[in-house]
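Below: run-v7.pdb (PDB, C-alpha atoms)
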```
ATOM      1  CA  MET A   1       0.000   0.000   0.000
ATOM      2  CA  LYS A   2       2.778   2.434   0.934
ATOM      3  CA  ARG A   3       4.620   1.481  -2.225
ATOM      4  CA  ASN A   4       1.593   2.331  -4.428
ATOM      5  CA  LEU A   5       1.168   5.667  -2.675
ATOM      6  CA  PHE A   6       4.857   6.392  -3.278
ATOM      7  CA  TYR A   7       4.485   5.743  -7.036
ATOM      8  CA  VAL A   8       1.353   7.879  -7.284
ATOM      9  CA  LEU A   9       3.113  10.721  -5.481
ATOM     10  CA  LEU A  10       6.171  10.322  -7.691
ATOM     11  CA  PHE A  11       3.978  10.442 -10.802
ATOM     12  CA  PHE A  12       2.285  13.682  -9.728
ATOM     13  CA  ILE A  13       5.592  15.328  -8.840
ATOM     14  CA  GLY A  14       7.076  14.308 -12.193
ATOM     15  CA  PHE A  15       4.017  15.482 -14.117
ATOM     16  CA  ASN A  16       4.007  18.802 -12.253
ATOM     17  CA  LEU A  17       7.699  19.359 -12.989
ATOM     18  CA  TYR A  18       7.115  18.557 -16.666
ATOM     19  CA  ALA A  19       4.174  20.975 -16.885
ATOM     20  CA  GLN A  20       6.152  23.758 -15.221
ATOM     21  CA  LYS A  21       9.175  23.200 -17.422
ATOM     22  CA  SER A  22       7.509  23.996 -20.759
ATOM     23  CA  GLY A  23       7.716  27.786 -20.321
ATOM     24  CA  ILE A  24       7.112  29.970 -23.379
ATOM     25  CA  GLU A  25       6.332  28.179 -26.628
ATOM     26  CA  PHE A  26       5.121  29.289 -30.061
ATOM     27  CA  PHE A  27       2.859  26.976 -32.081
ATOM     28  CA  ILE A  28       1.868  27.259 -35.727
ATOM     29  CA  VAL A  29      -1.903  27.308 -36.130
ATOM     30  CA  LYS A  30      -3.117  24.881 -38.774
ATOM     31  CA  HIS A  31      -6.804  25.860 -38.634
ATOM     32  CA  TYR A  32      -8.699  28.815 -37.171
ATOM     33  CA  LYS A  33     -11.956  30.747 -37.458
ATOM     34  CA  ASN A  34     -12.048  34.499 -37.920
ATOM     35  CA  VAL A  35     -14.219  35.826 -35.072
ATOM     36  CA  ASN A  36     -14.895  39.360 -36.309
ATOM     37  CA  SER A  37     -15.536  40.521 -39.867
ATOM     38  CA  ASP A  38     -14.138  43.974 -38.971
ATOM     39  CA  CYS A  39     -10.812  42.406 -37.995
ATOM     40  CA  LYS A  40      -8.806  40.711 -40.721
ATOM     41  CA  TYR A  41      -6.360  38.908 -38.396
ATOM     42  CA  CYS A  42      -8.524  38.099 -35.357
ATOM     43  CA  PHE A  43      -9.120  34.437 -34.634
ATOM     44  CA  ASP A  44     -10.638  32.473 -31.785
ATOM     45  CA  LEU A  45      -7.776  31.454 -29.541
ATOM     46  CA  GLU A  46      -9.714  28.690 -27.797
ATOM     47  CA  THR A  47     -10.798  26.840 -30.934
ATOM     48  CA  ALA A  48      -7.610  27.366 -32.967
ATOM     49  CA  LYS A  49      -6.063  24.016 -33.953
ATOM     50  CA  MET A  50      -2.332  24.097 -33.323
ATOM     51  CA  GLU A  51       0.488  21.866 -34.475
ATOM     52  CA  SER A  52       1.437  19.346 -31.783
ATOM     53  CA  VAL A  53       5.090  20.439 -31.615
ATOM     54  CA  PRO A  54       6.098  24.073 -31.011
ATOM     55  CA  ILE A  55       8.112  25.905 -33.655
ATOM     56  CA  ILE A  56       9.928  27.828 -30.877
ATOM     57  CA  ASN A  57      10.369  26.679 -27.274
ATOM     58  CA  GLU A  58      12.291  27.771 -24.167
ATOM     59  CA  GLU A  59      15.532  26.262 -25.451
ATOM     60  CA  ASP A  60      15.380  28.575 -28.483
ATOM     61  CA  ILE A  61      14.972  31.763 -26.447
ATOM     62  CA  LYS A  62      18.152  33.425 -25.238
ATOM     63  CA  HIS A  63      16.427  36.505 -23.799
ATOM     64  CA  PHE A  64      12.987  38.144 -23.675
ATOM     65  CA  ASN A  65      13.135  41.917 -23.215
ATOM     66  CA  TRP A  66       9.780  42.661 -21.628
ATOM     67  CA  LYS A  67       9.956  46.446 -21.944
ATOM     68  CA  ASN A  68      10.767  46.331 -25.679
ATOM     69  CA  GLN A  69       8.674  43.189 -26.300
ATOM     70  CA  GLN A  70      11.592  41.628 -28.116
ATOM     71  CA  ILE A  71      12.764  38.029 -28.097
ATOM     72  CA  ILE A  72      16.398  37.232 -28.769
ATOM     73  CA  LEU A  73      16.776  33.736 -30.190
ATOM     74  CA  THR A  74      19.664  31.332 -29.714
ATOM     75  CA  GLU A  75      21.542  30.203 -32.809
ATOM     76  CA  LYS A  76      19.441  27.021 -32.782
ATOM     77  CA  GLY A  77      16.285  29.144 -32.635
ATOM     78  CA  LYS A  78      17.405  31.380 -35.519
ATOM     79  CA  HIS A  79      18.215  28.299 -37.583
ATOM     80  CA  LYS A  80      14.565  27.169 -37.410
ATOM     81  CA  PHE A  81      13.654  30.062 -39.724
ATOM     82  CA  THR A  82      16.278  29.258 -42.362
ATOM     83  CA  ASP A  83      13.949  27.231 -44.593
ATOM     84  CA  MET A  84      10.592  28.346 -43.179
ATOM     85  CA  LYS A  85       8.216  29.852 -45.707
ATOM     86  CA  ILE A  86       6.133  32.630 -44.176
ATOM     87  CA  PRO A  87       3.296  33.610 -46.539
ATOM     88  CA  LEU A  88       2.918  37.252 -47.582
ATOM     89  CA  SER A  89      -0.333  37.357 -45.599
ATOM     90  CA  GLY A  90       1.417  36.028 -42.460
ATOM     91  CA  LEU A  91       1.568  32.773 -40.534
ATOM     92  CA  PRO A  92      -0.866  32.391 -37.593
ATOM     93  CA  ILE A  93       0.799  31.524 -34.282
ATOM     94  CA  VAL A  94      -0.284  30.941 -30.685
ATOM     95  CA  MET A  95       2.033  31.783 -27.794
ATOM     96  CA  THR A  96       1.647  29.541 -24.758
ATOM     97  CA  LEU A  97       3.026  29.725 -21.243
ATOM     98  CA  ASN A  98       3.373  26.427 -19.406
ATOM     99  CA  GLY A  99       0.885  24.835 -21.778
ATOM    100  CA  ARG A 100      -1.763  27.595 -21.560
ATOM    101  CA  LYS A 101      -2.671  29.755 -24.530
ATOM    102  CA  ILE A 102      -1.691  33.373 -23.855
ATOM    103  CA  TYR A 103      -2.426  35.161 -27.131
ATOM    104  CA  SER A 104      -2.390  34.851 -30.895
ATOM    105  CA  LEU A 105       0.049  36.611 -33.153
ATOM    106  CA  TRP A 106       1.334  36.479 -36.696
ATOM    107  CA  PHE A 107       4.783  35.726 -38.015
ATOM    108  CA  TRP A 108       5.133  38.286 -40.781
ATOM    109  CA  ASN A 109       6.955  38.080 -44.101
ATOM    110  CA  VAL A 110       9.571  40.847 -44.539
ATOM    111  CA  PHE A 111       8.526  41.330 -48.180
ATOM    112  CA  SER A 112       4.795  41.654 -47.437
ATOM    113  CA  SER A 113       2.925  44.854 -48.248
ATOM    114  CA  PHE A 114      -0.151  43.652 -46.325
ATOM    115  CA  GLY A 115      -1.145  45.378 -43.102
ATOM    116  CA  CYS A 116      -1.812  43.465 -39.879
ATOM    117  CA  ASP A 117      -4.445  44.691 -37.421
ATOM    118  CA  ARG A 118      -3.304  42.456 -34.547
ATOM    119  CA  VAL A 119      -0.061  41.319 -32.900
ATOM    120  CA  PHE A 120       2.776  40.432 -35.279
ATOM    121  CA  THR A 121       6.529  39.982 -35.451
ATOM    122  CA  PHE A 122       9.221  39.619 -38.066
ATOM    123  CA  PRO A 123      10.934  36.529 -36.596
ATOM    124  CA  THR A 124      13.626  36.496 -39.271
ATOM    125  CA  ILE A 125      14.717  40.083 -38.552
ATOM    126  CA  ASP A 126      14.414  41.151 -34.930
ATOM    127  CA  PHE A 127      11.506  39.196 -33.321
ATOM    128  CA  LYS A 128      10.149  42.438 -31.872
ATOM    129  CA  ILE A 129       6.509  41.743 -31.024
ATOM    130  CA  GLN A 130       4.324  44.657 -32.126
ATOM    131  CA  PHE A 131       0.649  45.607 -32.348
ATOM    132  CA  GLY A 132      -0.713  46.911 -35.645
ATOM    133  CA  LEU A 133       1.093  47.294 -38.966
ATOM    134  CA  PRO A 134       1.288  50.143 -39.769
ATOM    135  CA  LYS A 135       1.152  51.535 -36.223
ATOM    136  CA  ASN A 136      -2.251  53.224 -36.645
ATOM    137  CA  TYR A 137      -3.850  50.062 -38.093
ATOM    138  CA  SER A 138      -4.973  47.906 -35.170
ATOM    139  CA  PHE A 139      -8.106  46.251 -33.886
ATOM    140  CA  GLY A 140      -9.151  45.574 -30.304
ATOM    141  CA  THR A 141      -7.087  45.498 -27.155
ATOM    142  CA  ASP A 142      -3.345  44.868 -27.219
ATOM    143  CA  PRO A 143      -2.844  41.449 -25.505
ATOM    144  CA  ARG A 144       0.969  41.538 -25.296
ATOM    145  CA  PHE A 145       1.197  42.750 -21.702
ATOM    146  CA  ASN A 146      -0.449  39.736 -20.074
ATOM    147  CA  LYS A 147       0.102  39.716 -16.292
ATOM    148  CA  LYS A 148       1.109  36.043 -15.973
ATOM    149  CA  LEU A 149       3.451  36.313 -18.940
ATOM    150  CA  ARG A 150       5.023  39.436 -17.428
ATOM    151  CA  GLU A 151       5.600  37.731 -14.069
ATOM    152  CA  TYR A 152       7.226  34.785 -15.817
ATOM    153  CA  VAL A 153       9.432  36.864 -18.134
ATOM    154  CA  VAL A 154      10.557  39.269 -15.399
ATOM    155  CA  SER A 155      11.488  36.421 -13.044
ATOM    156  CA  LYS A 156      13.165  34.234 -15.682
ATOM    157  CA  TYR A 157      15.112  36.927 -17.499
ATOM    158  CA  ASN A 158      15.928  39.073 -14.425
ATOM    159  CA  GLN A 159      14.386  42.333 -15.522
TER     160      GLN A 159
END
```
The structure in this file should be written as structure tokens.
Amino acid sequence: MKRNLFYVLLFFIGFNLYAQKSGIEFFIVKHYKNVNSDCKYCFDLETAKMESVPIINEEDIKHFNWKNQQIILTEKGKHKFTDMKIPLSGLPIVMTLNGRKIYSLWFWNVFSSFGCDRVFTFPTIDFKIQFGLPKNYSFGTDPRFNKKLREYVVSKYNQ
């Protein structure tokens, strides 16, 4: 009986450590529904179907500058974009923190002339996460300054 209890406890501790270890991850969205006809790049975060493996994970992030909303990738992280094709109209992404969806954003193509009315970044240039392209073209509330994400980033990257 004590032995079974030990294994159950060990399982929960291991699972909890695994769940806490995932940190910040970025997932490509393979299917989504636009939730507002006035917003070209809005999609329902809860029903968005994501790839099962993140395109960027904690190991790929060297630093996250909270104030500037900029992610500095490791060499391994930068390499992931070498052959990636980002469409001119953007690639839908979901950022998660410890397995929970935080917000949606778009990886943007550097050659695109399209505007983006939500959160976007040029991951192949500077990975600065911005809201509205051009600056006066945005829709809704800016989700980048999420409280839980801030607490995590500030504690992990000593800001």
Item to check | Residue with smallest distance to Ile102 of chain A - pool A:Lys156, A:Lys49, A:Lys148, A:Lys40, counting only C-alpha atoms | outcome: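 Distance minimum relative to Ile102 of chain A lands on A:Lys148.
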Report, as JSON, the axis-aligned box around all atoms of segment 139-156 of chain A present in the file, extended by 4 Å on each side; give centre and edge lengths in Å to one decimal place.
```
{"center_x": 2.0, "center_y": 40.2, "center_z": -23.5, "size_x": 30.3, "size_y": 20.0, "size_z": 28.8}
```
Next on the checklist: Could you tell me, as a list in words, exactly which residues end up selected when the PyMOL selection byres ((chain A and resi 74-90) around 9) is applied to this structure?
Outcome noted: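 Here the PyMOL selection byres ((chain A and resi 74-90) around 9) matches Ile55, Ile56, Asn57, Glu59, Asp60, Ile61, Lys62, His63, Ile72, Leu73, Leu91, Pro92, Trp106, Phe107, Trp108, Asn109, Val110, Phe111, Ser112, Ser113, Phe114, Gly115, Cys116, Phe120, Pro123 and Thr124 of chain A.
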Item to check | Residue members of the PyMOL selection byres ((chain A and resi 130) around 9) in the file shown, as a list in words | outcome: Gln69, Gln70, Arg118, Val119, Phe120, Thr121, Lys128, Ile129, Phe131, Gly132, Leu133, Lys135 and Arg144 of chain A
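Going from atom CA of Met50 of chain A to atom CA of Ile93 of chain A covers 8.1 Å.
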Checklist entry - Expanded to explicit residues, what is the PyMOL selection byres ((chain A and resi 149) around 12) for this file, as a VMD selection string? => result chain A and resid 23 to 25 64 to 66 69 95 to 98 100 to 103 143 to 148 150 to 157
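Using all atoms listed in the file, the nearest neighbour of Ser52 of chain A within the list A:Asp126, A:Asp117, A:Lys30, A:Ser138 is A:Lys30.
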Item to check | Best match for closeness to Ile125 of chain A among A:Phe27, A:Ile71, A:Leu45, A:Asn36, counting all atoms listed in the file | outcome: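 Counting all atoms listed in the file, the residue closest to Ile125 of chain A is A:Ile71.
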Next on the checklist: Measuring between only C-alpha atoms, which one of A:Thr141, A:Asn136, A:Asn158, A:Ser104 shows the shortest distance to Thr47 of chain A?
Outcome noted: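 Ranking A:Thr141, A:Asn136, A:Asn158, A:Ser104 by distance to Thr47 of chain A, first place goes to A:Ser104.
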Checklist entry - Interatomic distance between atom CA of Val35 of chain A and atom CA of Asn68 of chain A? => result 28.7 Å
Checklist entry - atom CA of Lys67 of chain A and atom CA of Pro134 of chain A are how many Å apart? => result 20.2 Å
From the structure just shown, export segment 83-109 of chain A with N, CA and C atoms as a PDB file, in the first residue's frame.
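Final file, selection.pdb:
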```pdb
ATOM      1  N   ASP A  83      14.724  27.752 -43.457  1.00  0.00           N
ATOM      2  CA  ASP A  83      13.949  27.231 -44.593  1.00  0.00           C
ATOM      3  C   ASP A  83      12.448  27.453 -44.446  1.00  0.00           C
ATOM      4  N   MET A  84      12.023  28.142 -43.401  1.00  0.00           N
ATOM      5  CA  MET A  84      10.592  28.346 -43.179  1.00  0.00           C
ATOM      6  C   MET A  84      10.032  29.339 -44.191  1.00  0.00           C
ATOM      7  N   LYS A  85       8.909  28.982 -44.763  1.00  0.00           N
ATOM      8  CA  LYS A  85       8.216  29.852 -45.707  1.00  0.00           C
ATOM      9  C   LYS A  85       7.069  30.542 -44.976  1.00  0.00           C
ATOM     10  N   ILE A  86       7.198  31.841 -44.791  1.00  0.00           N
ATOM     11  CA  ILE A  86       6.133  32.630 -44.176  1.00  0.00           C
ATOM     12  C   ILE A  86       5.369  33.303 -45.308  1.00  0.00           C
ATOM     13  N   PRO A  87       4.078  33.012 -45.451  1.00  0.00           N
ATOM     14  CA  PRO A  87       3.296  33.610 -46.539  1.00  0.00           C
ATOM     15  C   PRO A  87       3.264  35.140 -46.448  1.00  0.00           C
ATOM     16  N   LEU A  88       3.006  35.794 -47.574  1.00  0.00           N
ATOM     17  CA  LEU A  88       2.918  37.252 -47.582  1.00  0.00           C
ATOM     18  C   LEU A  88       1.820  37.758 -46.650  1.00  0.00           C
ATOM     19  N   SER A  89       0.770  36.969 -46.482  1.00  0.00           N
ATOM     20  CA  SER A  89      -0.333  37.357 -45.599  1.00  0.00           C
ATOM     21  C   SER A  89      -0.114  36.902 -44.155  1.00  0.00           C
ATOM     22  N   GLY A  90       1.075  36.402 -43.826  1.00  0.00           N
ATOM     23  CA  GLY A  90       1.417  36.028 -42.460  1.00  0.00           C
ATOM     24  C   GLY A  90       1.141  34.571 -42.138  1.00  0.00           C
ATOM     25  N   LEU A  91       1.732  34.136 -41.028  1.00  0.00           N
ATOM     26  CA  LEU A  91       1.568  32.773 -40.534  1.00  0.00           C
ATOM     27  C   LEU A  91       0.973  32.850 -39.130  1.00  0.00           C
ATOM     28  N   PRO A  92      -0.238  32.294 -38.911  1.00  0.00           N
ATOM     29  CA  PRO A  92      -0.866  32.391 -37.593  1.00  0.00           C
ATOM     30  C   PRO A  92      -0.138  31.539 -36.554  1.00  0.00           C
ATOM     31  N   ILE A  93       0.036  32.125 -35.369  1.00  0.00           N
ATOM     32  CA  ILE A  93       0.799  31.524 -34.282  1.00  0.00           C
ATOM     33  C   ILE A  93       0.041  31.713 -32.973  1.00  0.00           C
ATOM     34  N   VAL A  94       0.217  30.774 -32.055  1.00  0.00           N
ATOM     35  CA  VAL A  94      -0.284  30.941 -30.685  1.00  0.00           C
ATOM     36  C   VAL A  94       0.910  30.838 -29.744  1.00  0.00           C
ATOM     37  N   MET A  95       1.017  31.821 -28.839  1.00  0.00           N
ATOM     38  CA  MET A  95       2.033  31.783 -27.794  1.00  0.00           C
ATOM     39  C   MET A  95       1.404  31.142 -26.564  1.00  0.00           C
ATOM     40  N   THR A  96       2.123  30.181 -25.984  1.00  0.00           N
ATOM     41  CA  THR A  96       1.647  29.541 -24.758  1.00  0.00           C
ATOM     42  C   THR A  96       2.655  29.767 -23.640  1.00  0.00           C
ATOM     43  N   LEU A  97       2.175  29.674 -22.426  1.00  0.00           N
ATOM     44  CA  LEU A  97       3.026  29.725 -21.243  1.00  0.00           C
ATOM     45  C   LEU A  97       2.651  28.541 -20.377  1.00  0.00           C
ATOM     46  N   ASN A  98       3.603  27.649 -20.186  1.00  0.00           N
ATOM     47  CA  ASN A  98       3.373  26.427 -19.406  1.00  0.00           C
ATOM     48  C   ASN A  98       2.127  25.682 -19.869  1.00  0.00           C
ATOM     49  N   GLY A  99       1.972  25.599 -21.189  1.00  0.00           N
ATOM     50  CA  GLY A  99       0.885  24.835 -21.778  1.00  0.00           C
ATOM     51  C   GLY A  99      -0.436  25.573 -21.917  1.00  0.00           C
ATOM     52  N   ARG A 100      -0.513  26.824 -21.450  1.00  0.00           N
ATOM     53  CA  ARG A 100      -1.763  27.595 -21.560  1.00  0.00           C
ATOM     54  C   ARG A 100      -1.641  28.656 -22.638  1.00  0.00           C
ATOM     55  N   LYS A 101      -2.669  28.763 -23.459  1.00  0.00           N
ATOM     56  CA  LYS A 101      -2.671  29.755 -24.530  1.00  0.00           C
ATOM     57  C   LYS A 101      -2.696  31.161 -23.918  1.00  0.00           C
ATOM     58  N   ILE A 102      -1.761  32.007 -24.353  1.00  0.00           N
ATOM     59  CA  ILE A 102      -1.691  33.373 -23.855  1.00  0.00           C
ATOM     60  C   ILE A 102      -2.314  34.339 -24.859  1.00  0.00           C
ATOM     61  N   TYR A 103      -1.811  34.346 -26.086  1.00  0.00           N
ATOM     62  CA  TYR A 103      -2.426  35.161 -27.131  1.00  0.00           C
ATOM     63  C   TYR A 103      -1.987  34.692 -28.508  1.00  0.00           C
ATOM     64  N   SER A 104      -2.727  35.168 -29.510  1.00  0.00           N
ATOM     65  CA  SER A 104      -2.390  34.851 -30.895  1.00  0.00           C
ATOM     66  C   SER A 104      -1.549  35.985 -31.467  1.00  0.00           C
ATOM     67  N   LEU A 105      -0.743  35.629 -32.441  1.00  0.00           N
ATOM     68  CA  LEU A 105       0.049  36.611 -33.153  1.00  0.00           C
ATOM     69  C   LEU A 105       0.351  36.068 -34.532  1.00  0.00           C
ATOM     70  N   TRP A 106       1.014  36.861 -35.325  1.00  0.00           N
ATOM     71  CA  TRP A 106       1.334  36.479 -36.696  1.00  0.00           C
ATOM     72  C   TRP A 106       2.818  36.637 -36.952  1.00  0.00           C
ATOM     73  N   PHE A 107       3.434  35.590 -37.492  1.00  0.00           N
ATOM     74  CA  PHE A 107       4.783  35.726 -38.015  1.00  0.00           C
ATOM     75  C   PHE A 107       4.598  36.406 -39.366  1.00  0.00           C
ATOM     76  N   TRP A 108       5.345  37.476 -39.590  1.00  0.00           N
ATOM     77  CA  TRP A 108       5.133  38.286 -40.781  1.00  0.00           C
ATOM     78  C   TRP A 108       6.298  38.162 -41.751  1.00  0.00           C
ATOM     79  N   ASN A 109       5.971  38.168 -43.034  1.00  0.00           N
ATOM     80  CA  ASN A 109       6.955  38.080 -44.101  1.00  0.00           C
ATOM     81  C   ASN A 109       7.564  39.466 -44.334  1.00  0.00           C
TER      82      ASN A 109
END
```
